[in-house]
Structures are given as structure tokens and as C-alpha cells.
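Text of target_23.pdb (PDB, C-alpha atoms) as supplied:
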ATOM      1  CA  MET A 179       0.000   0.000   0.000
ATOM      2  CA  THR A 180       1.691   3.180  -1.181
ATOM      3  CA  ASN A 181      -0.999   5.839  -1.009
ATOM      4  CA  LYS A 182      -2.247   6.907   2.392
ATOM      5  CA  THR A 183      -5.691   7.749   0.953
ATOM      6  CA  LEU A 184      -6.196   3.999   0.448
ATOM      7  CA  ILE A 185      -6.382   3.555   4.221
ATOM      8  CA  ASN A 186      -9.946   4.302   5.195
ATOM      9  CA  ARG A 187     -10.659   1.658   7.834
ATOM     10  CA  ILE A 188      -8.272   0.633  10.591
ATOM     11  CA  GLY A 189      -8.650  -2.496  12.704
ATOM     12  CA  ILE A 190      -7.535  -2.589  16.333
ATOM     13  CA  PHE A 191      -6.825  -5.665  18.426
ATOM     14  CA  THR A 192      -5.149  -6.670  21.671
ATOM     15  CA  SER A 193      -3.231  -9.914  21.884
ATOM     16  CA  GLY A 194      -1.328 -12.004  24.420
ATOM     17  CA  GLY A 195      -1.392 -11.028  28.081
ATOM     18  CA  ASP A 196      -3.587  -8.097  29.060
ATOM     19  CA  ALA A 197      -2.002  -4.956  30.491
ATOM     20  CA  PRO A 198      -3.449  -1.902  32.261
ATOM     21  CA  GLY A 199      -3.634   0.927  29.725
ATOM     22  CA  MET A 200      -4.726  -1.189  26.769
ATOM     23  CA  ASN A 201      -8.174   0.415  26.905
ATOM     24  CA  ALA A 202      -6.608   3.866  26.873
ATOM     25  CA  ALA A 203      -4.684   2.840  23.738
ATOM     26  CA  ILE A 204      -7.841   1.512  22.062
ATOM     27  CA  ARG A 205      -9.613   4.770  22.880
ATOM     28  CA  ALA A 206      -6.784   6.846  21.441
ATOM     29  CA  VAL A 207      -6.673   4.863  18.191
ATOM     30  CA  VAL A 208     -10.433   5.138  17.675
ATOM     31  CA  ARG A 209     -10.557   8.860  18.377
ATOM     32  CA  ALA A 210      -7.511   9.537  16.205
ATOM     33  CA  CYS A 211      -9.262   7.690  13.363
ATOM     34  CA  ILE A 212     -12.315   9.881  13.832
ATOM     35  CA  PHE A 213     -10.156  13.023  13.918
ATOM     36  CA  TYR A 214      -8.539  12.095  10.597
ATOM     37  CA  GLY A 215     -11.821  11.102   8.956
ATOM     38  CA  LYS A 216     -11.169   7.355   9.050
ATOM     39  CA  GLU A 217     -13.237   4.448  10.331
ATOM     40  CA  ALA A 218     -12.206   2.130  13.149
ATOM     41  CA  VAL A 219     -13.176  -1.455  13.880
ATOM     42  CA  GLY A 220     -12.363  -3.617  16.870
ATOM     43  CA  ILE A 221     -11.253  -7.218  16.533
ATOM     44  CA  TYR A 222     -12.202  -9.294  19.564
ATOM     45  CA  ARG A 223      -9.841 -11.880  21.073
ATOM     46  CA  GLY A 224      -6.797 -10.927  19.019
ATOM     47  CA  TYR A 225      -5.761 -13.221  16.182
ATOM     48  CA  ASP A 226      -8.364 -15.775  17.250
ATOM     49  CA  GLY A 227     -11.133 -13.251  16.656
ATOM     50  CA  MET A 228      -9.564 -12.248  13.363
ATOM     51  CA  ILE A 229      -9.824 -15.861  12.198
ATOM     52  CA  GLY A 230     -13.368 -16.146  13.546
ATOM     53  CA  GLY A 231     -14.502 -12.878  11.942
ATOM     54  CA  ASP A 232     -15.389 -11.339  15.310
ATOM     55  CA  ILE A 233     -15.090  -7.764  14.072
ATOM     56  CA  VAL A 234     -17.269  -4.785  15.092
ATOM     57  CA  GLU A 235     -17.413  -1.103  14.248
ATOM     58  CA  LEU A 236     -16.136   1.303  16.898
ATOM     59  CA  ASN A 237     -17.105   4.931  17.344
ATOM     60  CA  SER A 238     -16.586   7.653  19.910
ATOM     61  CA  ARG A 239     -19.280   6.254  22.190
ATOM     62  CA  SER A 240     -17.786   2.768  21.963
ATOM     63  CA  VAL A 241     -14.681   3.981  23.770
ATOM     64  CA  SER A 242     -16.274   6.399  26.227
ATOM     65  CA  ASN A 243     -15.568   5.800  29.916
ATOM     66  CA  ILE A 244     -12.881   3.154  29.348
ATOM     67  CA  ILE A 245      -9.637   5.083  29.834
ATOM     68  CA  GLN A 246      -9.646   4.298  33.565
ATOM     69  CA  ARG A 247     -10.501   0.615  33.208
ATOM     70  CA  GLY A 248      -7.988  -2.214  33.449
ATOM     71  CA  GLY A 249      -7.958  -5.200  31.119
ATOM     72  CA  THR A 250      -9.112  -4.762  27.521
ATOM     73  CA  ILE A 251     -12.634  -4.277  26.187
ATOM     74  CA  LEU A 252     -11.580  -6.166  23.049
ATOM     75  CA  LYS A 253     -10.541  -9.209  25.088
ATOM     76  CA  SER A 254      -7.298 -11.039  24.442
ATOM     77  CA  ALA A 255      -6.241 -14.549  23.533
ATOM     78  CA  ARG A 256      -3.387 -16.580  22.152
ATOM     79  CA  SER A 257      -4.119 -18.302  18.853
ATOM     80  CA  LYS A 258      -2.657 -21.627  17.752
ATOM     81  CA  ASP A 259      -4.602 -21.437  14.491
ATOM     82  CA  PHE A 260      -2.890 -18.178  13.539
ATOM     83  CA  MET A 261       0.419 -20.043  13.565
ATOM     84  CA  THR A 262      -0.768 -21.961  10.502
ATOM     85  CA  ALA A 263      -0.845 -20.647   6.933
ATOM     86  CA  GLU A 264      -4.499 -21.661   6.660
ATOM     87  CA  GLY A 265      -5.389 -19.689   9.775
ATOM     88  CA  ARG A 266      -3.649 -16.551   8.588
ATOM     89  CA  LYS A 267      -5.345 -16.837   5.171
ATOM     90  CA  THR A 268      -8.755 -17.037   6.847
ATOM     91  CA  ALA A 269      -7.874 -14.022   9.007
ATOM     92  CA  PHE A 270      -6.924 -11.990   5.935
ATOM     93  CA  GLU A 271     -10.102 -12.971   4.113
ATOM     94  CA  ASN A 272     -12.136 -11.743   7.067
ATOM     95  CA  LEU A 273     -10.304  -8.416   7.062
ATOM     96  CA  VAL A 274     -11.042  -8.031   3.349
ATOM     97  CA  LYS A 275     -14.691  -8.904   3.983
ATOM     98  CA  HIS A 276     -14.891  -6.118   6.571
ATOM     99  CA  ASN A 277     -12.957  -3.655   4.378
ATOM    100  CA  VAL A 278     -10.087  -3.359   6.872
ATOM    101  CA  ASP A 279      -7.136  -1.609   5.218
ATOM    102  CA  ALA A 280      -4.606  -1.549   8.064
ATOM    103  CA  LEU A 281      -4.089  -2.792  11.620
ATOM    104  CA  VAL A 282      -2.953  -1.519  15.010
ATOM    105  CA  ALA A 283      -1.673  -4.450  17.084
ATOM    106  CA  ILE A 284      -1.432  -3.907  20.842
ATOM    107  CA  GLY A 285       0.663  -6.513  22.635
ATOM    108  CA  GLY A 286       4.147  -7.916  23.160
ATOM    109  CA  ASP A 287       6.738  -9.924  21.294
ATOM    110  CA  GLY A 288       4.443 -12.776  20.215
ATOM    111  CA  THR A 289       1.911 -10.275  18.891
ATOM    112  CA  PHE A 290       4.562  -8.471  16.872
ATOM    113  CA  ARG A 291       6.096 -11.618  15.414
ATOM    114  CA  GLY A 292       2.661 -12.648  14.215
ATOM    115  CA  ALA A 293       1.962  -9.165  12.856
ATOM    116  CA  GLN A 294       5.225  -9.068  10.921
ATOM    117  CA  LEU A 295       4.603 -12.437   9.289
ATOM    118  CA  PHE A 296       1.004 -11.501   8.496
ATOM    119  CA  SER A 297       2.033  -8.213   6.909
ATOM    120  CA  GLU A 298       4.777  -9.872   4.854
ATOM    121  CA  GLU A 299       2.399 -12.546   3.558
ATOM    122  CA  PHE A 300      -0.564 -10.363   2.669
ATOM    123  CA  GLY A 301       0.807  -6.831   2.374
ATOM    124  CA  ILE A 302      -1.529  -5.327   4.977
ATOM    125  CA  PRO A 303       0.060  -2.416   6.877
ATOM    126  CA  VAL A 304       0.488  -3.061  10.609
ATOM    127  CA  VAL A 305       1.794  -0.789  13.368
ATOM    128  CA  GLY A 306       2.336  -2.119  16.888
ATOM    129  CA  LEU A 307       1.887  -0.608  20.331
ATOM    130  CA  PRO A 308       3.923  -2.113  23.209
ATOM    131  CA  GLY A 309       1.268  -3.483  25.552
ATOM    132  CA  THR A 310       2.835  -5.694  28.216
ATOM    133  CA  ILE A 311       3.564  -5.319  31.918
ATOM    134  CA  ASP A 312       6.989  -6.949  31.447
ATOM    135  CA  ASN A 313       8.724  -3.936  29.849
ATOM    136  CA  ASP A 314      10.742  -6.369  27.761
ATOM    137  CA  LEU A 315      10.777  -4.801  24.289
ATOM    138  CA  ASN A 316      13.514  -2.865  22.510
ATOM    139  CA  GLY A 317      12.685   0.597  21.236
ATOM    140  CA  THR A 318      10.753   2.040  24.163
ATOM    141  CA  ASP A 319      11.718   3.110  27.670
ATOM    142  CA  PHE A 320       8.393   1.863  29.026
ATOM    143  CA  THR A 321       5.686  -0.468  27.790
ATOM    144  CA  ILE A 322       1.988   0.137  28.370
ATOM    145  CA  GLY A 323       1.055  -1.460  31.698
ATOM    146  CA  TYR A 324       4.527  -1.582  33.233
ATOM    147  CA  ASP A 325       4.138   1.456  35.483
ATOM    148  CA  THR A 326       0.814   0.195  36.825
ATOM    149  CA  ALA A 327       2.244  -3.271  37.479
ATOM    150  CA  VAL A 328       5.176  -1.811  39.419
ATOM    151  CA  ASN A 329       2.846   0.343  41.498
ATOM    152  CA  THR A 330       0.511  -2.584  42.168
ATOM    153  CA  ALA A 331       3.417  -4.791  43.228
ATOM    154  CA  THR A 332       4.823  -2.079  45.491
ATOM    155  CA  VAL A 333       1.504  -1.522  47.267
ATOM    156  CA  ALA A 334       1.178  -5.279  47.812
ATOM    157  CA  ILE A 335       4.740  -5.560  49.120
ATOM    158  CA  ASP A 336       4.109  -2.682  51.537
ATOM    159  CA  LYS A 337       1.177  -4.616  52.977
ATOM    160  CA  VAL A 338       3.273  -7.761  53.315
ATOM    161  CA  ARG A 339       5.906  -5.707  55.138
ATOM    162  CA  ASP A 340       3.348  -4.834  57.801
ATOM    163  CA  THR A 341       2.655  -8.445  58.694
ATOM    164  CA  ALA A 342       6.320  -9.444  58.308
ATOM    165  CA  SER A 343       7.309  -6.844  60.908
ATOM    166  CA  SER A 344       4.534  -7.932  63.255
ATOM    167  CA  HIS A 345       5.652 -11.549  63.314
ATOM    168  CA  ASN A 346       9.434 -11.417  62.794
ATOM    169  CA  ARG A 347       9.047 -13.163  59.452
ATOM    170  CA  LEU A 348      11.090 -13.572  56.317
ATOM    171  CA  PHE A 349       8.869 -13.118  53.265
ATOM    172  CA  PHE A 350       9.702 -14.178  49.727
ATOM    173  CA  ILE A 351       7.526 -12.206  47.335
ATOM    174  CA  GLU A 352       7.364 -13.354  43.735
ATOM    175  CA  VAL A 353       6.406 -10.855  41.044
ATOM    176  CA  MET A 354       5.664 -11.327  37.349
ATOM    177  CA  GLY A 355       7.792 -10.207  34.442
ATOM    178  CA  ARG A 356       8.415 -13.425  32.538
ATOM    179  CA  ASN A 357      12.153 -13.380  31.706
ATOM    180  CA  SER A 358      12.608  -9.764  32.776
ATOM    181  CA  GLY A 359      13.465  -8.565  36.281
ATOM    182  CA  GLN A 360      12.315  -5.000  35.772
ATOM    183  CA  ILE A 361       9.129  -5.173  37.839
ATOM    184  CA  ALA A 362      11.061  -6.899  40.616
ATOM    185  CA  MET A 363      13.864  -4.343  40.510
ATOM    186  CA  LEU A 364      11.764  -1.196  40.764
ATOM    187  CA  SER A 365       9.232  -2.555  43.248
ATOM    188  CA  SER A 366      12.106  -3.805  45.387
ATOM    189  CA  ILE A 367      13.704  -0.361  45.532
ATOM    190  CA  ALA A 368      10.361   1.335  46.158
ATOM    191  CA  SER A 369       9.423  -1.023  49.006
ATOM    192  CA  GLY A 370      12.835  -1.186  50.677
ATOM    193  CA  ALA A 371      13.347  -4.920  50.185
ATOM    194  CA  GLU A 372      16.449  -6.515  51.699
ATOM    195  CA  ALA A 373      17.308  -8.505  48.570
ATOM    196  CA  THR A 374      16.224  -8.866  44.954
ATOM    197  CA  MET A 375      16.587 -11.967  42.807
ATOM    198  CA  ILE A 376      16.349 -11.304  39.063
ATOM    199  CA  PRO A 377      17.324 -13.167  35.868
ATOM    200  CA  GLU A 378      19.698 -10.404  34.749
ATOM    201  CA  HIS A 379      21.892 -10.838  37.872
ATOM    202  CA  PRO A 380      21.534 -14.395  39.189
ATOM    203  CA  MET A 381      22.089 -14.761  42.934
ATOM    204  CA  ASP A 382      22.893 -18.144  44.442
ATOM    205  CA  ILE A 383      21.488 -19.317  47.770
ATOM    206  CA  ASP A 384      24.798 -18.842  49.605
ATOM    207  CA  GLU A 385      24.907 -15.168  48.638
ATOM    208  CA  LEU A 386      21.289 -14.666  49.647
ATOM    209  CA  VAL A 387      21.783 -16.383  53.018
ATOM    210  CA  LYS A 388      24.806 -14.182  53.698
ATOM    211  CA  MET A 389      22.752 -11.046  53.037
ATOM    212  CA  LEU A 390      20.018 -12.263  55.357
ATOM    213  CA  GLU A 391      22.520 -13.149  58.085
ATOM    214  CA  ASN A 392      23.988  -9.640  57.855
ATOM    215  CA  GLY A 393      20.501  -8.219  58.331
ATOM    216  CA  ALA A 394      19.855 -10.476  61.303
ATOM    217  CA  GLY A 395      23.132  -9.302  62.818
ATOM    218  CA  ARG A 396      21.813  -5.749  62.689
ATOM    219  CA  LYS A 397      18.695  -6.986  64.514
ATOM    220  CA  LYS A 398      16.256  -6.400  61.658
ATOM    221  CA  SER A 399      12.792  -7.402  62.815
ATOM    222  CA  SER A 400      11.810  -8.715  59.383
ATOM    223  CA  SER A 401      13.126  -9.173  55.870
ATOM    224  CA  LEU A 402      11.638  -9.093  52.404
ATOM    225  CA  VAL A 403      13.136 -10.777  49.358
ATOM    226  CA  VAL A 404      11.586  -9.857  46.010
ATOM    227  CA  ILE A 405      11.943 -12.553  43.349
ATOM    228  CA  ALA A 406      11.266 -12.202  39.628
ATOM    229  CA  GLU A 407       9.449 -15.262  38.315
ATOM    230  CA  GLY A 408      12.106 -15.628  35.598
ATOM    231  CA  GLY A 409       9.858 -17.572  33.277
ATOM    232  CA  ASN A 410       9.263 -20.160  36.013
ATOM    233  CA  PRO A 411       6.232 -19.110  38.092
ATOM    234  CA  GLY A 412       6.264 -20.546  41.581
ATOM    235  CA  HIS A 413      10.009 -21.141  41.839
ATOM    236  CA  SER A 414      10.097 -18.815  44.859
ATOM    237  CA  ILE A 415       8.668 -21.710  46.870
ATOM    238  CA  ASP A 416      11.761 -23.810  46.142
ATOM    239  CA  ILE A 417      14.076 -20.932  47.020
ATOM    240  CA  ALA A 418      12.267 -20.306  50.300
ATOM    241  CA  ARG A 419      12.425 -23.978  51.213
ATOM    242  CA  GLU A 420      16.174 -24.132  50.625
ATOM    243  CA  VAL A 421      16.826 -20.928  52.567
ATOM    244  CA  ASN A 422      14.667 -22.111  55.448
ATOM    245  CA  GLU A 423      16.770 -25.249  55.792
ATOM    246  CA  ARG A 424      19.891 -23.135  56.265
ATOM    247  CA  PHE A 425      18.536 -20.031  57.955
ATOM    248  CA  SER A 426      16.068 -20.690  60.750
ATOM    249  CA  HIS A 427      16.169 -17.218  62.342
ATOM    250  CA  TYR A 428      12.876 -16.257  60.717
ATOM    251  CA  ASP A 429       9.500 -17.834  60.211
ATOM    252  CA  THR A 430       9.583 -18.087  56.404
ATOM    253  CA  LYS A 431       6.578 -17.325  54.195
ATOM    254  CA  VAL A 432       5.992 -17.047  50.446
ATOM    255  CA  THR A 433       3.622 -14.681  48.639
ATOM    256  CA  ILE A 434       3.134 -14.993  44.876
ATOM    257  CA  LEU A 435       1.485 -11.848  43.529
ATOM    258  CA  GLY A 436       0.737 -13.407  40.135
ATOM    259  CA  HIS A 437      -2.010 -11.953  37.966
ATOM    260  CA  LEU A 438      -2.879  -9.368  40.592
ATOM    261  CA  GLN A 439      -0.265  -7.224  38.825
ATOM    262  CA  ARG A 440      -2.098  -7.291  35.506
ATOM    263  CA  GLY A 441      -5.322  -5.864  36.871
ATOM    264  CA  GLY A 442      -6.500  -2.583  38.243
ATOM    265  CA  SER A 443      -6.978   0.929  36.974
ATOM    266  CA  PRO A 444      -3.958   2.165  34.982
ATOM    267  CA  THR A 445      -1.770   4.881  36.456
ATOM    268  CA  VAL A 446      -1.587   8.372  34.990
ATOM    269  CA  ALA A 447       1.734   7.447  33.369
ATOM    270  CA  ASP A 448       0.209   4.451  31.585
ATOM    271  CA  ARG A 449      -2.883   6.359  30.491
ATOM    272  CA  VAL A 450      -0.802   9.164  28.996
ATOM    273  CA  LEU A 451       1.693   6.770  27.378
ATOM    274  CA  ALA A 452      -1.094   4.698  25.809
ATOM    275  CA  SER A 453      -2.929   7.794  24.597
ATOM    276  CA  ARG A 454       0.162   9.290  23.044
ATOM    277  CA  LEU A 455       1.197   6.090  21.297
ATOM    278  CA  GLY A 456      -2.338   5.374  20.080
ATOM    279  CA  VAL A 457      -2.576   8.685  18.242
ATOM    280  CA  VAL A 458       0.868   8.243  16.687
ATOM    281  CA  ALA A 459      -0.022   4.709  15.558
ATOM    282  CA  VAL A 460      -2.843   6.050  13.384
ATOM    283  CA  GLU A 461      -0.710   8.894  12.057
ATOM    284  CA  SER A 462       2.049   6.397  11.242
ATOM    285  CA  LEU A 463      -0.246   4.193   9.187
ATOM    286  CA  LEU A 464      -1.508   7.230   7.278
ATOM    287  CA  ALA A 465       2.135   8.165   6.624
ATOM    288  CA  ASN A 466       2.747   4.740   5.036
ATOM    289  CA  LYS A 467       4.677   3.174   7.925
ATOM    290  CA  SER A 468       4.300  -0.532   8.566
ATOM    291  CA  GLU A 469       5.862  -3.427  10.468
ATOM    292  CA  VAL A 470       7.108  -1.071  13.180
ATOM    293  CA  MET A 471       6.445  -0.655  16.876
ATOM    294  CA  VAL A 472       5.789   2.859  18.184
ATOM    295  CA  GLY A 473       7.676   3.563  21.403
ATOM    296  CA  ILE A 474       9.033   6.447  23.438
ATOM    297  CA  VAL A 475      12.743   6.854  24.200
ATOM    298  CA  ASN A 476      13.899   9.852  26.230
ATOM    299  CA  ASN A 477      10.376  11.260  25.844
ATOM    300  CA  GLU A 478      10.661  11.218  22.039
ATOM    301  CA  ILE A 479       8.658   9.028  19.667
ATOM    302  CA  LYS A 480      10.703   6.199  18.176
ATOM    303  CA  PHE A 481       9.821   3.661  15.489
ATOM    304  CA  THR A 482      11.426   0.241  15.796
ATOM    305  CA  PRO A 483      11.041  -2.577  13.246
ATOM    306  CA  PHE A 484       9.159  -5.535  14.706
ATOM    307  CA  GLY A 485      12.159  -7.820  14.288
ATOM    308  CA  LYS A 486      14.428  -5.498  16.256
ATOM    309  CA  ALA A 487      11.826  -4.722  18.934
ATOM    310  CA  THR A 488      11.618  -8.396  19.901
ATOM    311  CA  LYS A 489      15.193  -9.556  19.309
ATOM    312  CA  ASP A 490      17.823  -9.913  22.057
ATOM    313  CA  VAL A 491      16.042  -7.529  24.403
ATOM    314  CA  ASN A 492      18.538  -5.892  26.742
ATOM    315  CA  ASN A 493      16.998  -2.762  28.221
ATOM    316  CA  PHE A 494      17.680  -3.597  31.855
ATOM    317  CA  ASN A 495      18.704  -0.532  33.857
ATOM    318  CA  GLU A 496      22.021  -1.407  35.513
ATOM    319  CA  GLU A 497      21.974   1.841  37.472
ATOM    320  CA  MET A 498      18.821   0.706  39.262
ATOM    321  CA  PHE A 499      20.525  -2.557  40.190
ATOM    322  CA  ARG A 500      23.502  -0.640  41.611
ATOM    323  CA  ILE A 501      21.185   1.592  43.651
ATOM    324  CA  ALA A 502      19.284  -1.418  45.006
ATOM    325  CA  ALA A 503      22.517  -3.048  46.154
ATOM    326  CA  ILE A 504      23.547   0.084  48.052
ATOM    327  CA  LEU A 505      20.150   0.514  49.702
ATOM    328  CA  SER A 506      19.867  -3.113  50.831
ATOM    329  CA  VAL A 507      22.688  -2.894  53.386
TER
END

Do you think you could lay out the structure here as C-alpha cells?
Amino acid sequence: MTNKTLINRIGIFTSGGDAPGMNAAIRAVVRACIFYGKEAVGIYRGYDGMIGGDIVELNSRSVSNIIQRGGTILKSARSKDFMTAEGRKTAFENLVKHNVDALVAIGGDGTFRGAQLFSEEFGIPVVGLPGTIDNDLNGTDFTIGYDTAVNTATVAIDKVRDTASSHNRLFFIEVMGRNSGQIAMLSSIASGAEATMIPEHPMDIDELVKMLENGAGRKKSSSLVVIAEGGNPGHSIDIAREVNERFSHYDTKVTILGHLQRGGSPTVADRVLASRLGVVAVESLLANKSEVMVGIVNNEIKFTPFGKATKDVNNFNEEMFRIAAILSV
């Protein structure tokens, strides 16, 4: 597609894990379409809905009163059928049937890999918005949902601290983030945790026990260890068991925050980020951009090819790790 006037109807979908702020992004895309005289349609359940033809028209009223809501009004799902050539062909035929000229894909790495392949096969323009709490994509300082997830985790950890102090307990608190330790790192600093275990800087049990013993020597009444799930949800239980066998000073407990971090009303930062990126996504499609993710780096809009956005992600903030180490003494 070489002429921006050929894009009259833009489809929007959310895919993969939900993230707070996705609704704000949907709202921004729809209202930007209206502003530029284009039509918008919503595709329910991501690629699965695309294959099933679950496509509806969206207008200004469709996206009223959703900016503050968590989750996604378009629902989300992972699609095995879209991984097949037959599934993608059916999805494209449904887009043609509904006169969809271009797509805005809101999701993470799996969403973008699918979008790139789909665009290459059928020539439909696609622009992506980084919607994931994990903050694990190249080309943006923050992903939509990350700030809310960090705030949610921090509030939960603060509450755990209260009961840990009351009972002289050692709490292991597991947070989400898949293979990224970014949620763990920031929530650990914000909540004053005694130790942080993240994939980017592996810590063995001996090192952790030594840190805890140092804290006990300073007569700390309680300790918190924040653990990133590291792609292995629930592994904090094994860590706690091993530590408990070697460090009996505390009554040891485990709290796994899990999907609690995906829910809730998005923060101001996530609402503004999603709104800003949603508008730019529409403008990008009308300017003939495709197969790129829209992100923000140093408060400036940046376009990153899908392949680069998802490849060898290494945006971990080493300065934050250094600060956490200093503050944990």
C-alpha cells in the first residue's frame, strides 16, 4: 500500500497477556481515526477473533468511559490457528470482507512476530503498540502497563511488610515479568526490600543467606526478598524452602502476587503513554509506515522494526541494580 488515501478503515486488536492501559490505547486509536476522517473497527480476542470474523465497528461512544478501566474491552487470547498458513489466510479474508485496510496491534513480542509475518504474507500495513507489563521490548523506555504493574506490586509488598514486621518473618515475594526482572527491581527499591533476585543478575542461595545473616546481625525485625518469576512461576517456593533449611532465624513465608499485577486501573503514566502512542499509531499508518512498533525513548517518539523490537532484548537498567545493592545494606 503506497498511497495513504487507500487507508480508510483501521482495525484494532489486543493480543497475548492483558495490560493496564490497553483500553486507553484503544480509545486513542479510535478517536484519532475519527479526527482524521477514518473508520475504526475492533477485533475481539486478538488473532483468534480475526480468524473467527469477530469484528465490530467502533465509534466515539464505543470507547467512552474506558480510559480508567484495566484489562481490555476487546478481550485477548493466544491463537494456535494463527500459527498456521491456513489460519492466517482465513484471518486476511475476514479483514477483506470487513474492508479493513490496516491494523494496530497492541501486545508484546508474540503479537509483533505474528503481525510481521502476516504483513509480509498479505501486504496489509500493521503498526504495533507495546502493551505488556513486562517492559521487555527494545525501542521504548516503558511499555503500556509496566508502570501500573510496578505500582501494584509495590503496594502489595508494603502490605506484606506490615505483617512481616509484626511476626518477625522472612517473606519471599514473587512478582511477574516473565524473563525480565524490571518489575522486581523497581518494586524492590520502592518497598525497601532486603534482597532482589532477578534473571539479569543471578544470585545463588549462599549469597542470599549471607545477606540475610547480615541483616539479622543488625537486629532487623523482618526481611523481604523480592523474586522475579524468571519464566518459572512458583520457583520462589523452592528458594524459600532451601533458605529455610539453612537459615532458621525467621519464620519463612511465600507470597506470589501473580495476575494481581495485571489488573486494576492504569496509572496516569500508563494512560498518557497509551494515549500518546495510540494517536501516533494512526498517524504512522496514514504516513505509510508498517511493520514497526511505536515507542518512546527519552520522551521522544521512536519507530522500531518488529524484528528489532523483539530480538535480544537488553533494556535492563544497571543503574537501578547498583542503587538497590547500596540501599539493601

d(CA of Gly227 in chain A, CA of Pro308 in chain A) in Å
19.8 Å

Which one of A:Ala362, A:Ile188, A:Ala283, A:Ala331 sits closest to Asn313 in chain A if you count all atoms listed in the file?
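Checking each candidate against Asn313 in chain A, we get A:Ala362 as the closest.
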
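Neighbouring residues of range 484-493 of chain A at 8 Å or closer, counting only C-alpha atoms and skipping chain neighbours under 4 positions away, are A:Asp287, A:Phe290, A:Arg291, A:Gln294, A:Gly306, A:Asp314, A:Leu315, A:Asn316, A:Gly317, A:Asp319, A:Glu469, A:Val470, A:Met471.
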
Where is the centre and how long are the edges: axis-aligned box on range 404-412 of chain A, 3 Å on each side, Å to one decimal, as AutoDock Vina command-line options:
--center_x 9.2 --center_y -15.2 --center_z 39.6 --size_x 11.9 --size_y 16.7 --size_z 18.7

If I take CA of Glu423 in chain A and CA of Ile361 in chain A, how far is one from the other in Å, to one decimal?
28.0 Å

Quick one: apply the PyMOL selection byres ((chain A and resi 244) around 10) to the file and drop the selected residues here as JSON, numbers by chain.
{"A": [199, 200, 201, 202, 203, 204, 205, 240, 241, 242, 243, 245, 246, 247, 248, 249, 250, 251, 443]}

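In this comparison, which uses only C-alpha atoms, the residue of A:Val460, A:Leu364, A:Val208, A:Ala342 approaching Asp429 in chain A most closely is A:Ala342.
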